[in-house]
$ cat work21.csv   # CSV, C-alpha atoms
chain,number,residue,atom,x,y,z
A,151,MET,CA,45.4,-31.4,-40.4
A,152,LYS,CA,46.3,-32.2,-36.9
A,153,GLN,CA,43.6,-33.2,-34.5
A,154,SER,CA,44.3,-30.3,-32.2
A,155,GLU,CA,44.0,-27.8,-35.0
A,156,ALA,CA,40.7,-29.4,-36.1
A,157,SER,CA,39.4,-29.2,-32.6
A,158,ALA,CA,40.3,-25.6,-32.4
A,159,ARG,CA,38.5,-24.8,-35.6
A,160,VAL,CA,35.4,-26.6,-34.3
A,161,LEU,CA,35.6,-24.6,-31.0
A,162,ILE,CA,35.9,-21.3,-32.9
A,163,ALA,CA,32.9,-22.2,-35.1
A,164,VAL,CA,30.8,-23.1,-32.0
A,165,LEU,CA,31.8,-19.8,-30.4
A,166,CYS,CA,30.9,-17.8,-33.5
A,167,ILE,CA,27.5,-19.5,-33.7
A,168,GLY,CA,27.0,-18.8,-30.0
A,169,VAL,CA,27.7,-15.1,-30.5
A,170,VAL,CA,25.0,-15.0,-33.1
A,171,LEU,CA,22.4,-17.1,-31.2
A,172,VAL,CA,22.7,-15.8,-27.7
A,173,PRO,CA,21.3,-12.3,-28.5
A,174,PHE,CA,18.6,-14.0,-30.5
A,175,LEU,CA,17.7,-16.2,-27.6
A,176,PHE,CA,17.5,-13.3,-25.2
A,177,TRP,CA,15.5,-11.3,-27.7
A,178,LYS,CA,13.0,-14.2,-27.9
A,179,GLN,CA,12.6,-14.1,-24.1
A,180,THR,CA,11.5,-10.4,-24.3
A,181,PRO,CA,7.7,-10.4,-25.0
A,182,MET,CA,6.6,-8.3,-27.9
A,183,ILE,CA,3.2,-6.7,-27.0
A,184,ARG,CA,1.2,-5.7,-30.1
A,185,ALA,CA,-1.3,-2.9,-29.6
A,186,ARG,CA,-4.4,-2.4,-31.8
A,187,MET,CA,-7.6,-0.4,-31.3
A,188,ALA,CA,-10.0,-2.3,-29.0
A,189,GLU,CA,-12.4,-2.9,-31.9
A,190,THR,CA,-9.8,-4.9,-33.7
A,191,GLY,CA,-8.2,-6.8,-30.9
A,192,GLY,CA,-6.6,-4.5,-28.3
A,193,TRP,CA,-3.5,-5.9,-26.6
A,194,SER,CA,-1.9,-9.1,-27.8
A,195,PRO,CA,-1.1,-10.9,-25.6
A,196,ALA,CA,-3.4,-9.4,-23.0
A,197,VAL,CA,-2.0,-11.6,-20.1
A,198,ILE,CA,1.7,-11.3,-19.1
A,199,ARG,CA,3.4,-13.4,-16.4
A,200,ALA,CA,6.3,-12.2,-14.2
A,201,ARG,CA,8.0,-13.1,-10.9
A,202,VAL,CA,8.6,-10.9,-7.9
A,203,GLY,CA,12.0,-9.3,-7.9
A,204,GLU,CA,12.8,-10.4,-11.4
A,205,PRO,CA,13.1,-7.7,-14.1
A,206,LEU,CA,10.3,-8.0,-16.7
A,207,HIS,CA,11.5,-6.7,-20.1
A,208,LEU,CA,8.8,-5.7,-22.5
A,209,LYS,CA,8.7,-4.6,-26.1
A,210,PHE,CA,5.8,-2.8,-27.8
A,211,THR,CA,4.6,-2.0,-31.3
A,212,SER,CA,1.4,-0.5,-32.7
A,213,GLU,CA,-0.3,-1.9,-35.7
A,214,ASP,CA,-2.7,1.0,-36.3
A,215,VAL,CA,-2.6,4.3,-34.3
A,216,MET,CA,-0.6,5.8,-31.4
A,217,HIS,CA,-1.1,4.0,-28.1
A,218,GLY,CA,0.4,4.2,-24.7
A,219,PHE,CA,1.3,1.7,-22.0
A,220,ALA,CA,1.1,2.1,-18.2
A,221,VAL,CA,0.5,-0.1,-15.2
A,222,GLY,CA,-2.3,0.9,-12.7
A,223,GLN,CA,-1.3,2.1,-9.3
A,224,MET,CA,2.4,2.2,-10.2
A,225,ALA,CA,4.3,5.5,-10.3
A,226,LEU,CA,5.9,4.8,-13.7
A,227,ALA,CA,6.0,7.1,-16.7
A,228,ALA,CA,3.8,5.9,-19.6
A,229,VAL,CA,5.5,4.4,-22.6
A,230,ASP,CA,4.4,5.8,-26.0
A,231,ILE,CA,3.8,3.2,-28.7
A,232,GLU,CA,4.1,4.5,-32.2
A,233,PRO,CA,2.8,2.6,-35.3
A,234,GLY,CA,5.6,0.6,-37.0
A,235,LYS,CA,8.1,1.4,-34.3
A,236,VAL,CA,9.4,-0.6,-31.3
A,237,SER,CA,9.3,0.8,-27.7
A,238,GLU,CA,10.8,-0.9,-24.6
A,239,THR,CA,10.5,-0.8,-20.9
A,240,THR,CA,11.5,-2.8,-17.9
A,241,LEU,CA,9.3,-3.4,-14.8
A,242,THR,CA,10.2,-5.0,-11.5
A,243,PHE,CA,7.4,-6.0,-9.1
A,244,GLN,CA,8.0,-6.2,-5.3
A,245,LYS,CA,4.7,-7.9,-4.4
A,246,PRO,CA,2.8,-10.8,-6.0
A,247,GLY,CA,-0.7,-10.1,-7.4
A,248,ILE,CA,-2.5,-9.2,-10.6
A,249,TYR,CA,-1.7,-5.8,-12.0
A,250,THR,CA,-3.7,-4.1,-14.7
A,251,PHE,CA,-2.0,-2.4,-17.6
A,252,TYR,CA,-3.9,0.0,-19.9
A,253,CYS,CA,-3.6,2.3,-22.9
A,254,THR,CA,-2.9,6.0,-22.0
A,255,ARG,CA,-3.7,7.4,-25.5
A,256,TRP,CA,-7.2,8.1,-26.6
A,257,CYS,CA,-7.3,5.8,-29.6
A,258,GLY,CA,-11.1,5.5,-30.1
A,259,PRO,CA,-14.5,5.4,-28.4
A,260,ASN,CA,-13.6,2.0,-26.9
A,261,HIS,CA,-10.2,3.1,-25.8
A,262,TRP,CA,-11.1,2.2,-22.2
A,263,ARG,CA,-11.4,-1.4,-23.2
A,264,MET,CA,-7.7,-1.6,-23.9
A,265,ARG,CA,-6.7,-3.3,-20.7
A,266,GLY,CA,-4.6,-6.4,-19.8
A,267,THR,CA,-3.1,-8.0,-16.8
A,268,ILE,CA,0.3,-8.9,-15.5
A,269,GLU,CA,0.2,-11.9,-13.2
A,270,VAL,CA,3.1,-11.7,-10.7
A,271,SER,CA,4.0,-14.8,-8.7
A,272,GLY,CA,6.5,-15.4,-6.0
A,273,ALA,CA,7.0,-14.2,-2.4
A,274,GLY,CA,6.9,-10.5,-1.9
A,275,SER,CA,8.7,-8.3,0.7
A,276,GLY,CA,6.7,-7.8,3.9
A,277,ASN,CA,3.1,-8.8,4.5
A,278,PRO,CA,0.6,-7.8,1.9
A,279,GLU,CA,-1.8,-5.1,2.9
A,280,PRO,CA,-5.3,-6.3,3.5
A,281,ALA,CA,-7.8,-4.9,1.0
A,282,SER,CA,-10.1,-2.3,2.5
A,283,ARG,CA,-13.7,-2.0,1.7
A,284,PRO,CA,-14.7,1.1,-0.3
A,285,LEU,CA,-16.6,3.7,1.8
A,286,TYR,CA,-19.7,3.4,-0.4
A,287,VAL,CA,-20.0,-0.3,0.6
A,288,ASP,CA,-19.7,0.5,4.3
A,289,LEU,CA,-22.4,3.2,3.9
A,290,GLY,CA,-24.7,0.9,2.0
A,291,LEU,CA,-25.0,3.2,-1.0
A,292,ASN,CA,-26.8,2.2,-4.1
A,293,LEU,CA,-24.7,3.6,-6.9
A,294,ASP,CA,-27.5,3.3,-9.5
A,295,THR,CA,-30.1,5.3,-7.5
A,296,PRO,CA,-30.7,8.8,-8.8
A,297,HIS,CA,-29.4,11.6,-6.6
A,298,PRO,CA,-31.2,14.8,-7.7
A,299,ALA,CA,-30.5,18.1,-6.1
A,300,ASP,CA,-33.9,19.7,-5.2
A,301,ILE,CA,-32.2,22.8,-3.9
A,302,ILE,CA,-29.5,24.6,-5.9
A,303,PRO,CA,-27.6,27.8,-5.3
A,304,VAL,CA,-28.6,31.0,-7.1
A,305,GLU,CA,-25.0,31.6,-8.0
A,306,LYS,CA,-21.8,29.7,-7.8
A,307,PRO,CA,-20.8,29.5,-4.1
A,308,SER,CA,-17.4,30.6,-3.0
A,309,ALA,CA,-15.0,28.9,-0.5
A,310,SER,CA,-13.3,32.2,0.4
A,311,ARG,CA,-16.6,33.7,1.5
A,312,GLY,CA,-17.6,30.5,3.3
A,313,GLN,CA,-14.5,30.6,5.5
A,314,VAL,CA,-15.8,33.9,7.0
A,315,PHE,CA,-19.3,32.4,7.6
A,316,LEU,CA,-18.0,29.2,9.2
A,317,SER,CA,-17.4,31.2,12.4
A,318,ARG,CA,-21.2,31.7,12.7
A,319,VAL,CA,-21.9,28.0,12.6
A,320,PRO,CA,-22.4,26.4,16.0
A,321,ASP,CA,-19.7,23.7,16.5
A,322,PRO,CA,-18.4,23.9,12.9
A,323,SER,CA,-16.0,20.9,13.6
A,324,THR,CA,-19.1,18.7,13.3
A,325,TYR,CA,-19.2,19.4,9.6
A,326,GLN,CA,-15.5,19.8,8.9
A,327,SER,CA,-14.4,16.3,9.5
A,328,THR,CA,-13.3,14.1,6.7
A,329,GLY,CA,-15.9,11.5,7.6
A,330,THR,CA,-18.8,13.9,7.4
A,331,TYR,CA,-17.5,15.4,4.1
A,332,ARG,CA,-17.1,12.0,2.4
A,333,SER,CA,-20.4,10.6,3.6
A,334,HIS,CA,-22.7,13.6,3.0
A,335,SER,CA,-23.7,15.3,-0.2
A,336,PRO,CA,-23.5,19.1,-0.5
A,337,VAL,CA,-27.3,19.3,-0.4
A,338,GLN,CA,-27.3,17.3,2.9
A,339,ILE,CA,-24.9,19.7,4.5
A,340,PHE,CA,-26.8,22.7,3.2
A,341,MET,CA,-30.0,21.3,4.8
A,342,ASP,CA,-28.2,20.5,8.1
A,343,LEU,CA,-27.1,24.2,8.2
A,344,GLY,CA,-30.8,25.3,8.1
A,345,THR,CA,-30.8,25.9,11.9
A,346,THR,CA,-28.2,28.7,11.5
A,347,ARG,CA,-29.1,32.3,10.8
A,348,LEU,CA,-27.2,32.3,7.6
A,349,THR,CA,-28.9,33.1,4.2
A,350,ASP,CA,-29.2,30.4,1.6
A,351,LEU,CA,-26.2,31.7,-0.3
A,352,GLN,CA,-24.1,31.9,2.9
A,353,ARG,CA,-25.0,28.3,3.7
A,354,TRP,CA,-23.8,27.3,0.3
A,355,ASP,CA,-20.6,29.2,0.8
A,356,VAL,CA,-20.0,27.3,4.0
A,357,VAL,CA,-20.6,24.0,2.2
A,358,VAL,CA,-17.9,25.0,-0.3
A,359,ALA,CA,-15.5,26.0,2.4
A,360,ILE,CA,-16.0,22.5,4.0
A,361,TRP,CA,-15.3,20.9,0.6
A,362,ALA,CA,-12.2,23.0,0.2
A,363,GLN,CA,-10.8,22.1,3.6
A,364,ASN,CA,-11.0,18.4,2.7
A,365,THR,CA,-8.6,18.8,-0.2
A,366,SER,CA,-5.5,20.8,-1.1
A,367,ALA,CA,-4.1,22.7,-4.0
A,368,ALA,CA,-1.8,19.8,-4.8
A,369,GLY,CA,-4.8,17.3,-4.5
A,370,LEU,CA,-6.9,19.4,-6.9
A,371,ALA,CA,-4.0,19.7,-9.4
A,372,ASP,CA,-3.6,15.9,-9.3
A,373,GLY,CA,-7.4,15.5,-9.8
A,374,LYS,CA,-7.4,18.0,-12.7
A,375,GLU,CA,-4.5,16.1,-14.4
A,376,LEU,CA,-6.3,12.7,-13.9
A,377,TYR,CA,-9.5,14.2,-15.3
A,378,ALA,CA,-7.8,15.6,-18.4
A,379,GLN,CA,-6.0,12.4,-19.1
A,380,ASN,CA,-8.8,9.9,-18.5
A,381,CYS,CA,-12.2,11.6,-18.4
A,382,ALA,CA,-12.2,14.7,-20.6
A,383,ALA,CA,-12.5,12.8,-23.9
A,384,CYS,CA,-16.0,11.7,-22.8
A,385,HIS,CA,-17.1,14.2,-20.2
A,386,GLY,CA,-15.5,17.3,-21.8
A,387,GLU,CA,-12.8,19.7,-20.6
A,388,SER,CA,-15.5,21.8,-18.9
A,389,GLY,CA,-17.3,18.8,-17.5
A,390,ALA,CA,-20.4,19.5,-19.6
A,391,GLY,CA,-20.6,15.9,-21.0
A,392,ASP,CA,-19.5,17.2,-24.4
A,393,GLY,CA,-16.2,15.4,-24.9
A,394,VAL,CA,-14.9,14.4,-28.4
A,395,TYR,CA,-16.4,10.9,-28.0
A,396,ALA,CA,-19.7,12.0,-26.3
A,397,ASP,CA,-21.8,11.9,-29.4
A,398,THR,CA,-20.2,8.7,-30.6
A,399,LEU,CA,-21.0,7.0,-27.3
A,400,ALA,CA,-24.6,8.2,-27.5
A,401,ALA,CA,-25.0,6.9,-31.0
A,402,MET,CA,-23.6,3.5,-29.9
A,403,GLY,CA,-26.1,3.4,-27.1
A,404,ALA,CA,-29.0,4.2,-29.4
A,405,GLU,CA,-27.8,1.6,-31.9
A,406,SER,CA,-27.7,-1.1,-29.2
A,407,GLN,CA,-31.4,-0.4,-28.4
A,408,VAL,CA,-32.6,-1.4,-31.8
A,409,GLY,CA,-34.7,-4.5,-31.5
A,410,MET,CA,-34.1,-4.7,-27.8
A,411,SER,CA,-36.3,-3.8,-24.8
A,412,GLY,CA,-35.9,-3.5,-21.1
A,413,THR,CA,-32.1,-2.8,-21.3
A,414,ARG,CA,-32.3,1.0,-21.4
A,415,GLU,CA,-30.7,1.4,-18.0
A,416,MET,CA,-27.8,-0.8,-18.9
A,417,SER,CA,-27.0,0.6,-22.3
A,418,ILE,CA,-24.2,3.0,-23.3
A,419,LYS,CA,-25.2,6.5,-22.6
A,420,LYS,CA,-24.0,10.0,-23.3
A,421,PRO,CA,-21.5,11.0,-20.6
A,422,VAL,CA,-22.7,12.7,-17.4
A,423,ASN,CA,-22.8,16.5,-17.4
A,424,PHE,CA,-21.0,17.6,-14.2
A,425,THR,CA,-22.1,21.2,-14.6
A,426,LYS,CA,-25.7,20.2,-13.9
A,427,PRO,CA,-27.0,20.5,-10.3
A,428,ASP,CA,-27.4,16.7,-9.8
A,429,LEU,CA,-23.8,16.6,-8.8
A,430,LEU,CA,-24.8,18.5,-5.6
A,431,GLY,CA,-26.9,15.5,-4.6
A,432,ALA,CA,-24.0,13.1,-4.8
A,433,SER,CA,-21.7,12.5,-1.8
A,434,PRO,CA,-18.0,12.0,-2.3
A,435,ALA,CA,-18.5,8.4,-1.2
A,436,LEU,CA,-21.0,7.9,-4.0
A,437,LEU,CA,-18.7,9.4,-6.6
A,438,GLN,CA,-15.8,7.3,-5.3
A,439,GLY,CA,-18.0,4.2,-5.8
A,440,LYS,CA,-18.9,5.2,-9.4
A,441,ILE,CA,-15.2,5.7,-10.3
A,442,LEU,CA,-14.2,2.5,-8.6
A,443,ARG,CA,-16.9,0.3,-10.1
A,444,GLY,CA,-17.8,2.0,-13.3
A,445,GLY,CA,-21.2,2.3,-14.9
A,446,MET,CA,-22.1,-1.4,-15.4
A,447,GLY,CA,-22.5,-1.4,-19.1
A,448,THR,CA,-23.3,2.3,-19.6
A,449,GLY,CA,-19.9,3.1,-21.1
A,450,MET,CA,-18.4,4.4,-17.9
A,451,PRO,CA,-15.3,2.2,-17.3
A,452,MET,CA,-14.2,1.0,-13.8
A,453,TRP,CA,-11.0,2.6,-12.5
A,454,GLY,CA,-10.5,0.7,-9.3
A,455,SER,CA,-7.6,-1.3,-10.6
A,456,ILE,CA,-6.0,1.8,-12.2
A,457,PHE,CA,-6.2,4.6,-9.7
A,458,SER,CA,-4.9,4.6,-6.1
A,459,ASP,CA,-7.2,5.6,-3.2
A,460,GLU,CA,-5.5,9.0,-3.0
A,461,GLN,CA,-6.0,9.6,-6.8
A,462,ILE,CA,-9.7,8.7,-6.6
A,463,TRP,CA,-10.3,11.1,-3.7
A,464,ASN,CA,-8.4,13.8,-5.6
A,465,LEU,CA,-10.4,13.2,-8.7
A,466,VAL,CA,-13.6,13.4,-6.7
A,467,ALA,CA,-12.6,16.7,-5.2
A,468,TYR,CA,-11.8,18.1,-8.6
A,469,LEU,CA,-15.3,17.1,-10.0
A,470,TYR,CA,-16.9,19.4,-7.5
A,471,THR,CA,-15.0,22.4,-9.0
A,472,PHE,CA,-17.5,22.3,-11.8
A,473,GLN,CA,-20.1,23.5,-9.3
A,474,PHE,CA,-18.0,25.4,-6.8
A,475,LYS,CA,-15.4,28.2,-6.7

$ encode --input "work21.csv" --output "structure tokens"
Amino acid sequence: MKQSEASARVLIAVLCIGVVLVPFLFWKQTPMIRARMAETGGWSPAVIRARVGEPLHLKFTSEDVMHGFAVGQMALAAVDIEPGKVSETTLTFQKPGIYTFYCTRWCGPNHWRMRGTIEVSGAGSGNPEPASRPLYVDLGLNLDTPHPADIIPVEKPSASRGQVFLSRVPDPSTYQSTGTYRSHSPVQIFMDLGTTRLTDLQRWDVVVAIWAQNTSAAGLADGKELYAQNCAACHGESGAGDGVYADTLAAMGAESQVGMSGTREMSIKKPVNFTKPDLLGASPALLQGKILRGGMGTGMPMWGSIFSDEQIWNLVAYLYTFQFK
């Protein structure tokens, strides 16, 4: 055999091996994210690393039930992850930082614990936006202080009726500003309207009109969708605290108290009932804080790394619809 012919055969063999190995090498570079219920491990791995501007290819599979993958504060469609199947997606980040990914499918009572992070390094485009302090921090609100409503309407107030009565309020713009709306509870505005000649129900109608003016149909629709996807399983579709996992969470809280003392306030509790009047004693800023921070061990997760500011305010506005027309 001539040397040139032998060299050609070696070259062909190398190329053939390369054709087989190259796809394998690229496949190995694509992380396989395995999803399991939080009780048995959650995401694995739970930390992913990426670089600004470079596509991040991800593969997923579930080892138990249906899960979903999404990244907080990013307008991307969720990826369904079916047991025994492989799903894929590609992400590209324009700014460095730590992004939270989470499960979008209610997979169990500890579903909210299914979170991980994507650490993105490199130089981003433009200057990063400085983090703003939440309103509840600026107002000095204690999120754990009870906020009872000592005064409640005799019937469900109406925004449409309240629009008519607003004209009878001296300097209504004082109450209609976004700043006043967010920093005051419905009960506080009702009390401030005590100097007017309106009846109690009319004052409540004005309160609802002010609340309605500080949101929109699109905002309420967004809040309703966020609630259905992320809150209803615990708080219930009607907001009555009777979601499919409500009793399970209450039982978990009771079990955690066995043999323990002094931890009642920090144990898992049955979800809040938004149809009770206590909601009228909470300002939008206070509700914003509770959504951002979570319930500090009570079972209420923190959503600050998941929802954008706009989404949180839309969700807050929607919560009041359990009390108002």

$ residues_around --input "work21.csv" --residues "Ile248 of chain A" --least-positions-apart "5" --cutoff "8 Å" --atoms "only C-alpha atoms" --output "list of chain:residue names"
A:Thr267, A:Ile268, A:Glu269, A:Val270

$ closest_residue --input "work21.csv" --among "A:Trp361, A:Tyr468, A:Phe219, A:Phe340" --to "Lys374 of chain A" --atoms "all atoms listed in the file"
A:Tyr468

$ closest_atom_pairs --input "work21.csv" --of "segment 278-395 of chain A" --to "segment 425-438 of chain A" --cutoff "6 Å" --atoms "only C-alpha atoms" --output "CSV"
residue,atom,partner,partner_atom,distance
A:Leu285,CA,A:Ala435,CA,5.9
A:Tyr286,CA,A:Ala435,CA,5.2
A:His297,CA,A:Gly431,CA,5.0
A:Pro298,CA,A:Asp428,CA,4.7
A:Ala299,CA,A:Gly431,CA,4.7
A:Arg332,CA,A:Pro434,CA,4.8
A:Ser333,CA,A:Ala435,CA,5.6
A:His334,CA,A:Ser433,CA,5.0
A:Ser335,CA,A:Ser433,CA,3.8
A:Pro336,CA,A:Leu430,CA,5.3
A:Val337,CA,A:Gly431,CA,5.7
A:Ala390,CA,A:Thr425,CA,5.5

$ closest_atom_pairs --input "work21.csv" --of "segment 230-324 of chain A" --to "segment 192-199 of chain A" --cutoff "10 Å" --atoms "only C-alpha atoms" --output "JSON lines"
{"residue": "A:Ile248", "atom": "CA", "partner": "A:Arg199", "partner_atom": "CA", "distance": 9.3}
{"residue": "A:Tyr249", "atom": "CA", "partner": "A:Ile198", "partner_atom": "CA", "distance": 9.6}
{"residue": "A:Thr250", "atom": "CA", "partner": "A:Val197", "partner_atom": "CA", "distance": 9.4}
{"residue": "A:Phe251", "atom": "CA", "partner": "A:Ala196", "partner_atom": "CA", "distance": 9.0}
{"residue": "A:Tyr252", "atom": "CA", "partner": "A:Trp193", "partner_atom": "CA", "distance": 8.9}
{"residue": "A:Cys253", "atom": "CA", "partner": "A:Trp193", "partner_atom": "CA", "distance": 9.0}
{"residue": "A:Asn260", "atom": "CA", "partner": "A:Gly192", "partner_atom": "CA", "distance": 9.7}
{"residue": "A:His261", "atom": "CA", "partner": "A:Gly192", "partner_atom": "CA", "distance": 8.8}
{"residue": "A:Arg263", "atom": "CA", "partner": "A:Gly192", "partner_atom": "CA", "distance": 7.7}
{"residue": "A:Met264", "atom": "CA", "partner": "A:Gly192", "partner_atom": "CA", "distance": 5.4}
{"residue": "A:Arg265", "atom": "CA", "partner": "A:Trp193", "partner_atom": "CA", "distance": 7.2}
{"residue": "A:Gly266", "atom": "CA", "partner": "A:Ala196", "partner_atom": "CA", "distance": 4.5}
{"residue": "A:Thr267", "atom": "CA", "partner": "A:Val197", "partner_atom": "CA", "distance": 5.0}
{"residue": "A:Ile268", "atom": "CA", "partner": "A:Ile198", "partner_atom": "CA", "distance": 4.5}
{"residue": "A:Glu269", "atom": "CA", "partner": "A:Arg199", "partner_atom": "CA", "distance": 4.8}
{"residue": "A:Val270", "atom": "CA", "partner": "A:Arg199", "partner_atom": "CA", "distance": 6.0}
{"residue": "A:Ser271", "atom": "CA", "partner": "A:Arg199", "partner_atom": "CA", "distance": 7.8}

$ closest_residue --input "work21.csv" --among "A:Val221, A:Ile360, A:Val229, A:Ala188" --to "Pro259 of chain A" --atoms "all atoms listed in the file"
A:Ala188

$ closest_residue --input "work21.csv" --among "A:Ile231, A:Val394, A:Val358, A:Leu442" --to "Ala382 of chain A" --atoms "all atoms listed in the file"
A:Val394

$ atom_distance --input "work21.csv" --atom1 "atom CA of Asp300 of chain A" --atom2 "atom CA of Met452 of chain A"
28.5 Å

$ atom_distance --input "work21.csv" --atom1 "atom CA of Phe315 of chain A" --atom2 "atom CA of Leu370 of chain A"
23.1 Å

$ closest_residue --input "work21.csv" --among "A:Thr330, A:Ser455, A:Asn292, A:Thr254" --to "Gly439 of chain A" --atoms "all atoms listed in the file"
A:Asn292

$ atom_distance --input "work21.csv" --atom1 "atom CA of Thr211 of chain A" --atom2 "atom CA of Met187 of chain A"
12.3 Å

$ residues_around --input "work21.csv" --residues "Leu376 of chain A" --least-positions-apart "3" --cutoff "12 Å" --atoms "all atoms listed in the file" --output "NGL selection string"
:A and (254 or 369-373 or 379-383 or 387 or 441 or 453 or 456-458 or 460-469)

$ closest_residue --input "work21.csv" --among "A:His385, A:Arg318, A:His217, A:Arg311" --to "Leu351 of chain A" --atoms "only C-alpha atoms"
A:Arg311

$ closest_residue --input "work21.csv" --among "A:Arg347, A:Lys245, A:Lys440, A:Arg201" --to "Met224 of chain A" --atoms "only C-alpha atoms"
A:Lys245

$ residues_around --input "work21.csv" --residues "Val202 of chain A" --least-positions-apart "5" --cutoff "8 Å" --atoms "all atoms listed in the file" --output "PyMOL selection string"
chain A and resi 242-246+270-274
